[in-house]
$ cat input_36.txt   # compact mmCIF, C-alpha atoms
# COMPACT_ATOMS: atom_id res chain seq x y z
CA MET A 1 -7.13 240.88 62.90
CA GLY A 2 -9.54 237.98 63.40
CA ILE A 3 -11.58 236.28 60.72
CA GLY A 4 -15.03 234.71 60.86
CA ARG A 5 -15.49 231.33 62.44
CA ASN A 6 -16.56 229.68 59.16
CA ALA A 7 -13.54 231.09 57.35
CA ALA A 8 -11.27 229.89 60.15
CA LEU A 9 -12.74 226.41 59.99
CA ALA A 10 -12.31 226.33 56.23
CA ALA A 11 -8.71 227.47 56.52
CA THR A 12 -8.03 224.88 59.19
CA ALA A 13 -9.46 222.13 57.00
CA LYS A 14 -7.31 223.19 54.05
CA ALA A 15 -4.21 223.10 56.23
CA GLY A 16 -4.56 219.36 56.53
CA PRO A 17 -5.58 216.77 59.12
CA GLY A 18 -2.83 217.84 61.52
CA PHE A 19 -4.71 220.96 62.57
CA THR A 20 -7.51 219.37 64.57
CA SER A 21 -8.56 219.10 68.18
CA THR A 22 -6.22 216.12 68.45
CA TYR A 23 -3.36 218.31 67.26
CA VAL A 24 -3.94 220.89 69.98
CA ARG A 25 -4.16 218.15 72.60
CA GLN A 26 -0.79 216.85 71.39
CA VAL A 27 0.68 220.36 71.59
CA LEU A 28 -0.58 220.56 75.17
CA GLU A 29 1.22 217.30 75.94
CA TYR A 30 4.44 218.72 74.47
CA ALA A 31 4.02 221.91 76.48
CA ILE A 32 3.52 220.02 79.73
CA ASP A 33 6.17 217.35 79.15
CA GLY A 34 8.69 219.45 77.23
CA LEU A 35 9.89 219.25 73.65
CA GLY A 36 13.52 219.41 72.56
CA PRO A 37 15.20 222.38 74.26
CA LEU A 38 11.84 223.52 75.67
CA ARG A 39 11.54 222.30 79.25
CA GLY A 40 8.21 221.04 80.53
CA ALA A 41 5.82 223.64 81.86
CA GLU A 42 6.15 222.53 85.50
CA GLU A 43 9.95 222.59 85.39
CA SER A 44 10.01 225.99 83.68
CA ALA A 45 7.48 227.43 86.12
CA ASP A 46 9.41 226.06 89.10
CA ALA A 47 12.58 227.71 87.76
CA ALA A 48 10.71 231.02 87.49
CA LEU A 49 9.55 230.58 91.09
CA VAL A 50 13.13 229.99 92.28
CA SER A 51 14.30 233.09 90.41
CA ALA A 52 11.52 235.04 92.13
CA ASP A 53 12.70 233.83 95.57
CA GLY A 54 9.48 231.89 96.08
CA ASP A 55 7.19 234.84 95.38
CA VAL A 56 4.42 233.31 93.26
CA GLU A 57 3.08 236.57 91.88
CA ARG A 58 6.55 237.79 90.88
CA ALA A 59 7.10 234.44 89.19
CA VAL A 60 3.77 234.77 87.36
CA LYS A 61 4.71 238.18 85.95
CA ALA A 62 8.19 237.02 84.94
CA TYR A 63 6.78 233.87 83.35
CA ILE A 64 4.33 235.87 81.26
CA SER A 65 7.08 238.29 80.17
CA SER A 66 9.40 235.47 79.10
CA HIS A 67 6.67 233.90 76.96
CA VAL A 68 5.76 237.22 75.38
CA ARG A 69 9.38 237.48 74.24
CA MET A 70 9.31 233.87 73.07
CA ALA A 71 6.14 234.49 71.07
CA ALA A 72 7.63 237.60 69.50
CA GLY A 73 10.69 235.64 68.41
CA GLN A 74 8.77 232.87 66.68
CA GLY A 75 6.31 235.39 65.24
CA PHE A 76 9.16 237.35 63.66
CA VAL A 77 10.78 234.31 62.08
CA THR A 78 7.60 232.66 60.78
CA ASN A 79 6.33 235.93 59.24
CA LEU A 80 9.66 237.23 58.01
CA PHE A 81 8.95 236.63 54.34
CA GLY A 82 5.37 237.83 54.31
CA GLY A 83 3.17 236.26 51.65
CA THR A 84 5.99 234.65 49.70
CA ALA A 85 6.23 231.54 51.88
CA ALA A 86 2.72 231.26 53.30
CA ALA A 87 2.44 227.52 52.63
CA VAL A 88 5.31 226.96 55.05
CA SER A 89 5.06 229.90 57.42
CA ILE A 90 1.35 229.67 58.30
CA PRO A 91 1.53 226.08 59.67
CA ALA A 92 4.80 226.94 61.41
CA ASN A 93 3.26 230.04 62.98
CA VAL A 94 0.19 228.08 64.12
CA ALA A 95 2.42 225.47 65.72
CA GLY A 96 4.64 228.10 67.32
CA VAL A 97 1.81 230.15 68.79
CA ALA A 98 0.01 227.05 70.07
CA LEU A 99 3.10 225.65 71.77
CA VAL A 100 4.18 228.93 73.38
CA GLN A 101 0.71 229.74 74.68
CA CYS A 102 0.05 226.18 75.91
CA HIS A 103 3.38 226.27 77.72
CA LEU A 104 2.54 229.67 79.21
CA VAL A 105 -0.93 228.79 80.48
CA ALA A 106 0.10 225.37 81.80
CA GLY A 107 3.03 226.91 83.68
CA LEU A 108 0.80 229.59 85.20
CA ALA A 109 -1.70 226.95 86.27
CA HIS A 110 1.12 225.03 87.97
CA LEU A 111 2.33 228.16 89.75
CA ARG A 112 -1.18 228.72 91.05
CA GLY A 113 -1.37 225.21 92.49
CA TYR A 114 -3.30 223.25 89.85
CA ASP A 115 -2.52 219.63 88.96
CA LEU A 116 -1.66 219.47 85.25
CA ALA A 117 -2.34 215.73 85.21
CA ASP A 118 -6.01 216.43 85.96
CA PRO A 119 -8.13 216.41 82.74
CA ARG A 120 -10.34 219.14 84.20
CA VAL A 121 -7.31 221.38 84.58
CA ARG A 122 -6.18 220.59 81.05
CA ASN A 123 -9.55 221.72 79.72
CA ALA A 124 -9.22 224.89 81.77
CA VAL A 125 -5.73 225.47 80.32
CA LEU A 126 -7.06 225.21 76.77
CA ALA A 127 -10.05 227.41 77.60
CA CYS A 128 -7.72 230.12 78.93
CA MET A 129 -5.98 230.15 75.56
CA LEU A 130 -9.21 231.52 74.08
CA GLY A 131 -8.74 234.70 76.10
CA ARG A 132 -11.44 236.70 77.86
CA ASP A 133 -13.39 237.58 74.70
CA GLY A 134 -13.27 234.05 73.35
CA VAL A 135 -14.46 232.54 76.62
CA GLU A 136 -17.25 235.08 76.99
CA GLN A 137 -18.48 234.35 73.46
CA LEU A 138 -18.58 230.61 74.11
CA LEU A 139 -20.36 231.12 77.41
CA LYS A 140 -22.88 233.41 75.71
CA HIS A 141 -23.64 230.80 73.06
CA LYS A 142 -23.61 227.97 75.62
CA LYS A 143 -20.70 226.20 73.93
CA LEU A 144 -18.75 226.32 77.18
CA PRO A 145 -20.51 225.32 80.41
CA SER A 146 -18.53 227.59 82.71
CA SER A 147 -15.40 229.71 83.15
CA PRO A 148 -11.90 228.16 83.07
CA MET A 149 -11.67 228.47 86.86
CA ALA A 150 -14.93 226.57 87.26
CA LEU A 151 -13.80 223.94 84.75
CA ALA A 152 -10.58 223.37 86.69
CA THR A 153 -12.41 222.92 89.99
CA SER A 154 -15.49 221.09 88.71
CA PRO A 155 -16.59 218.13 90.87
CA VAL A 156 -16.53 215.86 87.81
CA HIS A 157 -14.74 215.65 84.48
CA ASP A 158 -16.90 215.83 81.34
CA PRO A 159 -15.11 213.84 78.59
CA GLN A 160 -17.39 215.33 75.92
CA LEU A 161 -15.98 218.74 76.72
CA ASP A 162 -12.42 217.69 75.79
CA LYS A 163 -12.84 217.78 72.02
CA ARG A 164 -15.17 220.78 72.07
CA VAL A 165 -12.69 223.01 73.89
CA ALA A 166 -9.74 221.80 71.82
CA THR A 167 -11.66 222.44 68.58
CA GLU A 168 -12.48 226.00 69.61
CA VAL A 169 -8.85 226.66 70.51
CA THR A 170 -7.64 225.24 67.18
CA THR A 171 -10.11 227.39 65.26
CA GLN A 172 -9.21 230.55 67.13
CA ILE A 173 -5.44 230.16 66.87
CA PHE A 174 -5.59 229.32 63.18
CA GLY A 175 -8.05 232.16 62.57
CA ASN A 176 -5.80 234.66 64.32
CA VAL A 177 -2.80 233.56 62.27
CA ILE A 178 -4.71 233.72 58.98
CA GLY A 179 -6.12 237.14 59.88
CA LYS A 180 -2.67 238.41 60.74
CA ARG A 181 -1.46 237.42 57.28
CA ALA A 182 -3.43 240.33 55.83
CA ALA A 183 -1.20 242.82 57.63
CA VAL A 184 1.91 240.82 56.80
CA PHE A 185 0.86 240.65 53.14
CA VAL A 186 0.73 244.45 52.98
CA ALA A 187 4.29 244.54 54.34
CA ARG A 188 5.58 241.70 52.14
CA ARG A 189 7.74 244.00 50.00
CA VAL A 190 9.75 244.81 53.13
CA PRO A 191 10.51 241.35 54.64
CA VAL A 192 11.77 242.64 57.98
CA LEU A 193 8.62 244.72 58.38
CA GLY A 194 6.54 241.60 57.82
CA GLY A 195 8.49 239.89 60.57
CA GLY A 196 7.89 242.85 62.86
CA VAL A 197 4.14 242.73 62.26
CA GLY A 198 4.09 239.01 63.08
CA ALA A 199 6.23 239.46 66.17
CA THR A 200 4.04 242.25 67.52
CA ALA A 201 0.78 240.40 66.88
CA ASP A 202 1.96 237.17 68.51
CA ALA A 203 3.51 238.99 71.45
CA LEU A 204 0.34 240.97 72.15
CA SER A 205 -1.96 237.95 71.88
CA THR A 206 0.33 235.95 74.18
CA ARG A 207 0.45 238.77 76.69
CA ASP A 208 -3.34 238.95 76.70
CA VAL A 209 -3.66 235.18 77.18
CA GLY A 210 -1.18 235.31 80.06
CA ARG A 211 -2.92 238.19 81.78
CA TYR A 212 -6.31 236.57 81.38
CA THR A 213 -5.03 233.29 82.80
CA ALA A 214 -3.44 235.06 85.76
CA SER A 215 -6.72 236.83 86.54
CA GLU A 216 -8.89 233.75 85.99
CA LEU A 217 -7.00 230.94 87.72
CA LYS A 218 -6.95 231.96 91.35
CA ASP A 219 -4.26 230.54 93.62
CA ARG A 220 -5.65 227.25 94.93
CA ARG A 221 -3.09 227.06 97.74
CA LEU A 222 -4.71 230.06 99.37
CA ARG A 223 -7.89 228.05 99.73
CA ARG A 224 -6.36 225.11 101.56
$ encode --input "input_36.txt" --output "structure tokens"
Amino acid sequence: MGIGRNAALAATAKAGPGFTSTYVRQVLEYAIDGLGPLRGAEESADAALVSADGDVERAVKAYISSHVRMAAGQGFVTNLFGGTAAAVSIPANVAGVALVQCHLVAGLAHLRGYDLADPRVRNAVLACMLGRDGVEQLLKHKKLPSSPMALATSPVHDPQLDKRVATEVTTQIFGNVIGKRAAVFVARRVPVLGGGVGATADALSTRDVGRYTASELKDRRLRR
């Protein structure tokens, strides 16, 4: 369902100045601090830990599951009308996916003992949103210096990496949403089917991001 990097960049540019590396950084801030009814990532993760009776790994699994459901819900609504409302639904879907996945990865990082105020950890959070394939591609082409785990625990913070990682995340999320529109477009004559396609795609991508994050960010408390 993906599209080429150049096409994704072009689509991002057409969407307007809001969809930039700065935009994704702002979404990360919302995810960590909370936005409206959405509690901050730390508070949400702590609540999951309480529900899991202090078992971190149970909390991790439950946290991923809750965000998969959340992603499916926003994916259904923002793709409900298929191609007929693309000008509205594509930006909304980009925003929804970005916020849910930022919130998921930041919460998982907190559960595993990482300090979300640390800029190195924030870069690692954004890198995890690229998923295993995305990270491996950037490592292969030397656009990412190391894995998310290594970024989070690096001895020093590289400010130049901030925009680079955020730009890659923006491009990938927007590219995934645009690519998904092809399947939704086919189903546009049956609105509910279009919503189902969007829900499934966003749920699966969020699940994959959650699982990758859980495998990549090892529990730091075990090392102390």
$ closest_residue --input "input_36.txt" --among "A:Ala199, A:Ala98, A:Val135, A:Val169" --to "Val68 in chain A" --atoms "all atoms listed in the file"
A:Ala199
$ residues_near_point --input "input_36.txt" --point "(-9.3, 227.0, 73.3)" --cutoff "7 Å" --atoms "all atoms listed in the file" --output "list in words"
Leu126, Ala127, Cys128, Met129, Leu130, Val165, Ala166, Thr167, Glu168, Val169 and Thr170 of chain A
$ atom_distance --input "input_36.txt" --atom1 "CA of Asn123 in chain A" --atom2 "CA of Leu104 in chain A"
14.5 Å
$ residues_around --input "input_36.txt" --residues "Arg58 in chain A" --least-positions-apart "2" --cutoff "12 Å" --atoms "all atoms listed in the file" --output "list in words"
Ala45, Ala48, Leu49, Val50, Ser51, Ala52, Asp53, Gly54, Asp55, Val56, Val60, Lys61, Ala62, Tyr63, Ile64, Ser65, Leu108, Leu111, Arg112 and Ala214 of chain A
$ closest_residue --input "input_36.txt" --among "A:Leu217, A:Ile32, A:Met70, A:Leu161" --to "Ala117 in chain A" --atoms "all atoms listed in the file"
A:Ile32
$ closest_residue --input "input_36.txt" --among "A:Asp118, A:Glu216, A:Asp162, A:Asp33" --to "Cys102 in chain A" --atoms "all atoms listed in the file"
A:Asp33
$ atom_distance --input "input_36.txt" --atom1 "CA of Val209 in chain A" --atom2 "CA of Gln101 in chain A"
7.4 Å
$ decode --input "input_36.txt" --residues "range 30-44 of chain A" --atoms "all heavy atoms" --output "compact mmCIF listing (two decimals), in the first residue's frame"
# COMPACT_ATOMS: atom_id res chain seq x y z
N TYR A 30 1.89 16.74 21.70
CA TYR A 30 0.51 16.46 22.08
C TYR A 30 0.39 15.05 22.67
O TYR A 30 -0.33 14.84 23.64
CB TYR A 30 -0.42 16.58 20.87
CG TYR A 30 -0.63 17.98 20.36
CD1 TYR A 30 -0.82 18.21 19.00
CD2 TYR A 30 -0.66 19.07 21.22
CE1 TYR A 30 -1.03 19.50 18.51
CE2 TYR A 30 -0.86 20.35 20.74
CZ TYR A 30 -1.05 20.57 19.39
OH TYR A 30 -1.26 21.84 18.92
N ALA A 31 1.06 14.11 22.03
CA ALA A 31 0.98 12.72 22.49
C ALA A 31 1.56 12.56 23.89
O ALA A 31 1.01 11.84 24.73
CB ALA A 31 1.72 11.80 21.51
N ILE A 32 2.65 13.25 24.16
CA ILE A 32 3.30 13.14 25.46
C ILE A 32 2.54 13.93 26.53
O ILE A 32 2.35 13.44 27.66
CB ILE A 32 4.77 13.63 25.37
CG1 ILE A 32 5.59 12.65 24.51
CG2 ILE A 32 5.38 13.77 26.76
CD1 ILE A 32 7.01 13.11 24.24
N ASP A 33 2.07 15.12 26.17
CA ASP A 33 1.41 15.98 27.15
C ASP A 33 -0.09 15.75 27.27
O ASP A 33 -0.70 16.12 28.26
CB ASP A 33 1.66 17.45 26.80
CG ASP A 33 3.13 17.82 26.84
OD1 ASP A 33 3.89 17.15 27.56
OD2 ASP A 33 3.53 18.77 26.13
N GLY A 34 -0.68 15.15 26.23
CA GLY A 34 -2.13 14.96 26.21
C GLY A 34 -2.79 16.02 25.36
O GLY A 34 -2.26 17.12 25.17
N LEU A 35 -3.95 15.70 24.82
CA LEU A 35 -4.69 16.62 23.97
C LEU A 35 -6.18 16.34 24.13
O LEU A 35 -6.65 15.26 23.78
CB LEU A 35 -4.29 16.47 22.50
CG LEU A 35 -5.03 17.35 21.49
CD1 LEU A 35 -4.68 18.83 21.74
CD2 LEU A 35 -4.64 16.96 20.07
N GLY A 36 -6.92 17.31 24.67
CA GLY A 36 -8.35 17.11 24.86
C GLY A 36 -8.60 15.92 25.77
O GLY A 36 -8.00 15.79 26.84
N PRO A 37 -9.46 15.00 25.32
CA PRO A 37 -9.77 13.82 26.14
C PRO A 37 -8.64 12.79 26.17
O PRO A 37 -8.67 11.86 26.98
CB PRO A 37 -11.01 13.24 25.46
CG PRO A 37 -10.88 13.67 24.03
CD PRO A 37 -10.26 15.05 24.09
N LEU A 38 -7.65 12.96 25.29
CA LEU A 38 -6.53 12.02 25.25
C LEU A 38 -5.52 12.38 26.33
O LEU A 38 -4.91 13.44 26.31
CB LEU A 38 -5.85 12.07 23.87
CG LEU A 38 -4.69 11.09 23.66
CD1 LEU A 38 -5.21 9.65 23.60
CD2 LEU A 38 -3.93 11.42 22.38
N ARG A 39 -5.37 11.48 27.30
CA ARG A 39 -4.40 11.71 28.37
C ARG A 39 -2.97 11.62 27.82
O ARG A 39 -2.72 10.96 26.82
CB ARG A 39 -4.58 10.69 29.48
CG ARG A 39 -5.89 10.84 30.24
CD ARG A 39 -5.99 9.83 31.37
NE ARG A 39 -6.07 8.46 30.86
CZ ARG A 39 -6.13 7.38 31.64
NH1 ARG A 39 -6.11 7.51 32.96
NH2 ARG A 39 -6.23 6.18 31.11
N GLY A 40 -2.04 12.26 28.51
CA GLY A 40 -0.64 12.18 28.12
C GLY A 40 -0.15 10.74 28.12
O GLY A 40 -0.70 9.88 28.81
N ALA A 41 0.88 10.48 27.35
CA ALA A 41 1.38 9.12 27.19
C ALA A 41 1.82 8.50 28.53
O ALA A 41 1.54 7.32 28.79
CB ALA A 41 2.54 9.11 26.21
N GLU A 42 2.49 9.27 29.36
CA GLU A 42 2.96 8.73 30.64
C GLU A 42 1.77 8.34 31.52
O GLU A 42 1.77 7.26 32.12
CB GLU A 42 3.84 9.75 31.35
CG GLU A 42 5.19 9.97 30.69
CD GLU A 42 6.11 10.83 31.52
OE1 GLU A 42 5.74 11.16 32.68
OE2 GLU A 42 7.19 11.19 31.03
N GLU A 43 0.78 9.22 31.60
CA GLU A 43 -0.39 8.94 32.43
C GLU A 43 -1.15 7.71 31.92
O GLU A 43 -1.57 6.85 32.69
CB GLU A 43 -1.32 10.16 32.45
CG GLU A 43 -2.53 9.99 33.37
CD GLU A 43 -3.46 11.18 33.35
OE1 GLU A 43 -3.12 12.20 32.73
OE2 GLU A 43 -4.54 11.09 33.97
N SER A 44 -1.31 7.63 30.60
CA SER A 44 -2.02 6.50 30.01
C SER A 44 -1.25 5.19 30.24
O SER A 44 -1.84 4.16 30.55
CB SER A 44 -2.21 6.72 28.51
OG SER A 44 -3.06 7.81 28.27
